[in-house]
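Inspection log for the structure reproduced underneath, given as structure tokens.
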Amino acid sequence: VAALAERYDGWDVTVPDGPDGPYVLLRVVVTRWLMAGSAQ
């Protein structure tokens, strides 16, 4: 929580709702990079 607040200008992930509705915290795992060309 502290690392997210530091990185994203004080964003508090413990607050359930923002100005546009509920906040959602997602973890995205990168399995491969596509730098140029096409995916294989």
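All residue names refer to the structure tokens as shown: chains lettered A, B, ... in order, residues numbered from 1 in each chain, ligands numbered from 1 in order.
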
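Looking only at chain A, the set that DSSP places in strand (DSSP E) from backbone geometry is Asp17, Gly18, Gly21 and Pro22 of chain A.
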
Selected residues, all heavy atoms, written as a PDB file, in the first residue's frame, please.
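And here is the file that came out, result_27.pdb:
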ATOM      1  N   ASP A  17     -14.065   3.868  -2.729  1.00  0.00           N
ATOM      2  CA  ASP A  17     -14.696   4.555  -3.856  1.00  0.00           C
ATOM      3  C   ASP A  17     -13.947   5.827  -4.237  1.00  0.00           C
ATOM      4  O   ASP A  17     -13.473   6.553  -3.389  1.00  0.00           O
ATOM      5  CB  ASP A  17     -16.139   4.939  -3.519  1.00  0.00           C
ATOM      6  CG  ASP A  17     -17.039   3.721  -3.400  1.00  0.00           C
ATOM      7  OD1 ASP A  17     -16.868   2.783  -4.194  1.00  0.00           O
ATOM      8  OD2 ASP A  17     -17.911   3.708  -2.519  1.00  0.00           O
ATOM      9  N   GLY A  18     -13.884   6.062  -5.546  1.00  0.00           N
ATOM     10  CA  GLY A  18     -13.291   7.273  -6.077  1.00  0.00           C
ATOM     11  C   GLY A  18     -14.379   8.156  -6.650  1.00  0.00           C
ATOM     12  O   GLY A  18     -15.567   7.863  -6.523  1.00  0.00           O
ATOM     13  N   GLY A  21     -16.608   6.115  -9.075  1.00  0.00           N
ATOM     14  CA  GLY A  21     -17.121   4.821  -8.641  1.00  0.00           C
ATOM     15  C   GLY A  21     -16.049   4.035  -7.917  1.00  0.00           C
ATOM     16  O   GLY A  21     -15.015   4.577  -7.546  1.00  0.00           O
ATOM     17  N   PRO A  22     -16.285   2.749  -7.728  1.00  0.00           N
ATOM     18  CA  PRO A  22     -15.337   1.923  -6.980  1.00  0.00           C
ATOM     19  C   PRO A  22     -13.981   1.807  -7.676  1.00  0.00           C
ATOM     20  O   PRO A  22     -13.907   1.732  -8.897  1.00  0.00           O
ATOM     21  CB  PRO A  22     -16.004   0.553  -6.919  1.00  0.00           C
ATOM     22  CG  PRO A  22     -17.415   0.768  -7.300  1.00  0.00           C
ATOM     23  CD  PRO A  22     -17.471   2.007  -8.115  1.00  0.00           C
TER      24      PRO A  22
END

Fill in: Close residues, segment 24-30 of chain A itself excluded, 12 Å, only C-alpha atoms, min 4 positions apart in chain, as a list in words
Val1, Leu4, Trp11, Asp12, Val13, Thr14, Val15, Pro16, Asp17, Gly18, Asp20 and Leu34 of chain A

How about saving the chosen residues, N, CA, C and O atoms kept, as a short mmCIF file (atom, residue, chain, number, x, y, z; two decimals), in the first residue's frame?
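Ended up saving to part_28.cif:
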data_model
loop_
_atom_site.label_atom_id
_atom_site.label_comp_id
_atom_site.auth_asym_id
_atom_site.auth_seq_id
_atom_site.Cartn_x
_atom_site.Cartn_y
_atom_site.Cartn_z
N VAL A 1 0.83 -1.19 0.00
CA VAL A 1 0.00 0.00 0.00
C VAL A 1 0.87 1.25 0.00
O VAL A 1 0.62 2.19 -0.74
N LEU A 4 2.49 1.80 -3.47
CA LEU A 4 1.54 2.33 -4.45
C LEU A 4 1.27 3.82 -4.21
O LEU A 4 1.21 4.61 -5.14
N TRP A 11 -2.08 8.00 -3.89
CA TRP A 11 -3.30 7.22 -4.07
C TRP A 11 -3.44 6.22 -2.94
O TRP A 11 -2.55 5.44 -2.66
N ASP A 12 -4.57 6.22 -2.25
CA ASP A 12 -4.82 5.33 -1.13
C ASP A 12 -5.70 4.18 -1.59
O ASP A 12 -6.90 4.35 -1.81
N VAL A 13 -5.12 2.99 -1.75
CA VAL A 13 -5.87 1.83 -2.24
C VAL A 13 -6.86 1.30 -1.22
O VAL A 13 -7.68 0.46 -1.55
N THR A 14 -6.80 1.79 0.02
CA THR A 14 -7.74 1.33 1.04
C THR A 14 -9.06 2.07 0.99
O THR A 14 -10.02 1.66 1.64
N VAL A 15 -9.16 3.15 0.22
CA VAL A 15 -10.41 3.89 0.06
C VAL A 15 -11.24 3.17 -1.00
O VAL A 15 -10.80 3.00 -2.13
N PRO A 16 -12.45 2.71 -0.67
CA PRO A 16 -13.20 1.87 -1.59
C PRO A 16 -13.76 2.59 -2.82
O PRO A 16 -13.95 1.97 -3.85
N ASP A 17 -14.07 3.87 -2.73
CA ASP A 17 -14.70 4.55 -3.86
C ASP A 17 -13.95 5.83 -4.24
O ASP A 17 -13.47 6.55 -3.39
N GLY A 18 -13.88 6.06 -5.55
CA GLY A 18 -13.29 7.27 -6.08
C GLY A 18 -14.38 8.16 -6.65
O GLY A 18 -15.57 7.86 -6.52
N ASP A 20 -15.36 8.49 -9.62
CA ASP A 20 -16.10 7.86 -10.72
C ASP A 20 -16.68 6.50 -10.33
O ASP A 20 -17.17 5.78 -11.19
N LEU A 34 6.02 -7.85 -27.16
CA LEU A 34 5.99 -7.70 -28.61
C LEU A 34 6.62 -6.36 -28.93
O LEU A 34 6.02 -5.31 -28.75
#

Practice prompt. Return as a list of chain:residue names the full set of residues in chain A whose backbone-based DSSP assignment is helix (DSSP H, G or I).
Written response: A:Ala2, A:Ala3, A:Leu4, A:Ala5, A:Glu6, A:Arg7
